[in-house]
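Novice: Quick one: structure below, then a few questions.
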Amino acid sequence: MQQALYHPEYGYYSSGRCQIGRKGDYFTNVSVGPLFGHLLAAQFSEIWERLDKINDFVIVEQGAHDGQFARDVLEFAQKRLPEFFEALRYWILEPFPVLEEQQRRRLKGFGDKVEWRESEQPFTGIHFSNELLDAMPVRLISDGTEKLVDVQGNNFVFVERPADKAMFNQAALKMIDQMAANLQRGYVIAIDYGFLDEQLEKNVQVRALHRNLDSPFEQIGDADITMSLNWRSIIERAQTNGFRVAGFTDQYHFLTGILSQFESGDGAKSFLADSRKAKRELQTLLHPEMLGRAFQALALAKNVEPETNPLAGFRFARPVNAALSDG
Ligand SMILES: C[S@@+](CC[C@H](N)C(=O)[O-])C[C@H]1O[C@@H](n2cnc3c(N)ncnc32)[C@H](O)[C@@H]1O
């Protein structure tokens with residue numbers, strides 16, 4: 001999975017071959033349209049207000065792909081939340097030069113508001129990611145056995161060996177450690193798809209051109225490979241790192257919370273002002289058979305007083321402890 005996605009020349013992501021959206025391999029929240037970024041911009045701005053409207057408030061995005069989410073957030077903030085826009089700095093953490101190039105092209109209108117970093121530096125603000133953790137390489141460990149990839153003749157095959165004690169999702173957990181090391185004060189918001197517990201799918205999903213492929217050995221370097229998250233292990237690792245869980249809910253409740261808190265009824269200010277298109281996007285993002293139930297949002301807080309009122313995105317969520325104890 002590491003090589004298929006991240007080999008410098010042939011990797012699906014690192015080579016820049018990954019295409020997201022109708023003409024690509026799969027949809028994400030971002031590819032549905034700009035509404036997702038607009039709603040998140042409103043959530044980010046609420047967090048900025050709660051953190052005393054500090055100057056040089058940093059949004060760090062990791063897994064920014066072609067920069068479309070950043071553009072949706074920045075355009076909305078510039079137009080509708082000018083005071084927040086003024087205080088805001090946007091950092092993109094991007095290890096792949098080909099993607100950085102695409103991002104720079106898409107974001108050139110924002111000048112030095114946006115900066116690129118190869119690794120995180122200490123900051124106060126928000127670390128945001130959409131479908132980053134599910135793209136972290138996993139090991140196929142199940143019932144004490146691990147599947148590994150070998151070569152037979154000209155073909156890749158799976159072989160099995162007894163598993164060691166390592167977690168199957170070590171790379172995703174390491175990413176949580178890095179977030180904890182660099183966020184001085186603020187929130188991590190991670191949106192992704194997965195399960196709290198054992199319903200966890202034990203197999204990777206392989207997709208190209210909106211089709212599920214039967215094997216990760218098909219179309220290597222031209223297909224996406226992901227595995228649904230085990231949220232509980234992510235949350236436990238976050239807590240070990242000193243994060244507090246500030247909210248966890250499905251995307252339907254998360255986005256509905258933001259929408260209801262900020263939708264003013266004033267046509268000019270409405271998220272849905274410009275139309276039927278935005279309403280269709282909302283339906284795709286919220287509908288339980290589309291993206292509304294499959295995706296979840298997690299907010300982790302660091303060095304922030306516990307919220308008296310939950311963040312906008314979690315106002316309709318079940319209390320965190322109940323959600324975590326029932327699964
Ligand atoms: C499933 S795509 C999601 C893209 C985008 N966030 C969206 O929702 O449309 C996962 C992205 O994570 C990126 N990625 C993987 N490892 C990364 C890392 N260590 N730092 C930053 N981005 C990374 C990949 O290059 C890819 O663009």
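Chain lettering (A, B, ...) mirrors the order of the structure tokens, residue numbering begins at 1 for each chain separately, and ligand numbering begins at 1 in order of display.
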Residues within 6 Å of ligand 1 (only C-alpha atoms and all ligand atoms), as a ChimeraX atom specification?

Specialist: /A:13,28-31,62-65,93-95,130-132,135

Novice: Please build the interface table for segment 246-267 of chain A against segment 284-307 of chain A with a cut-off of 7 Å, listing for each qualifying residue the nearest atom pair and the distance in Å to one decimal; count only C-alpha atoms, order rows by chain and increasing number, and write it as a Markdown table.

Specialist:
```
| residue | atom | partner | partner_atom | distance |
| --- | --- | --- | --- | --- |
| A:Ala246 | CA | A:Ala299 | CA | 5.2 |
| A:Gly247 | CA | A:Ala299 | CA | 5.0 |
| A:Phe248 | CA | A:Leu298 | CA | 4.5 |
| A:Thr249 | CA | A:Ala297 | CA | 5.6 |
| A:Asp250 | CA | A:Gln296 | CA | 4.0 |
| A:Gln251 | CA | A:Gln296 | CA | 5.0 |
| A:Tyr252 | CA | A:Gly292 | CA | 4.5 |
| A:Phe254 | CA | A:Ala297 | CA | 6.8 |
```

Novice: Keeping C-alpha atoms, export the residues of the selection given above as a CSV table (one decimal), in the first residue's frame.

Specialist:
```csv
chain,number,residue,atom,x,y,z
A,246,ALA,CA,-14.5,17.8,21.8
A,247,GLY,CA,-16.9,16.0,19.5
A,248,PHE,CA,-17.5,12.9,17.4
A,249,THR,CA,-20.5,12.5,15.2
A,250,ASP,CA,-21.6,11.5,11.7
A,251,GLN,CA,-21.3,14.0,8.9
A,252,TYR,CA,-25.1,14.4,8.7
A,254,PHE,CA,-22.0,17.6,11.9
```

Novice: So which one's closest to Met179 of chain A, A:Glu86, A:Glu218, A:Glu61, A:Asp112? Using only C-alpha atoms, please.

Specialist: A:Glu61

Novice: Suppose you want the space between atom CA of Val157 of chain A and atom CA of Cys18 of chain A; what is it in Å?

Specialist: 24.3 Å

Novice: Extract, using only C-alpha atoms, all DNA, RNA and protein residues at most 12 Å from Gly11 of chain A, discarding same-chain residues fewer than 3 positions from it, and format them as a list in words.

Specialist: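 My list of contacting residues is Met1, Gln2, Gln3, Ala4, Leu5, Tyr6, His7, Pro8, Ser14, Ser15, Gly16, Arg17, Cys18, Phe96, Val98, Gln219, Ile220, Gly221, Asp222, Ala223, Asp224 and Ile225 of chain A.
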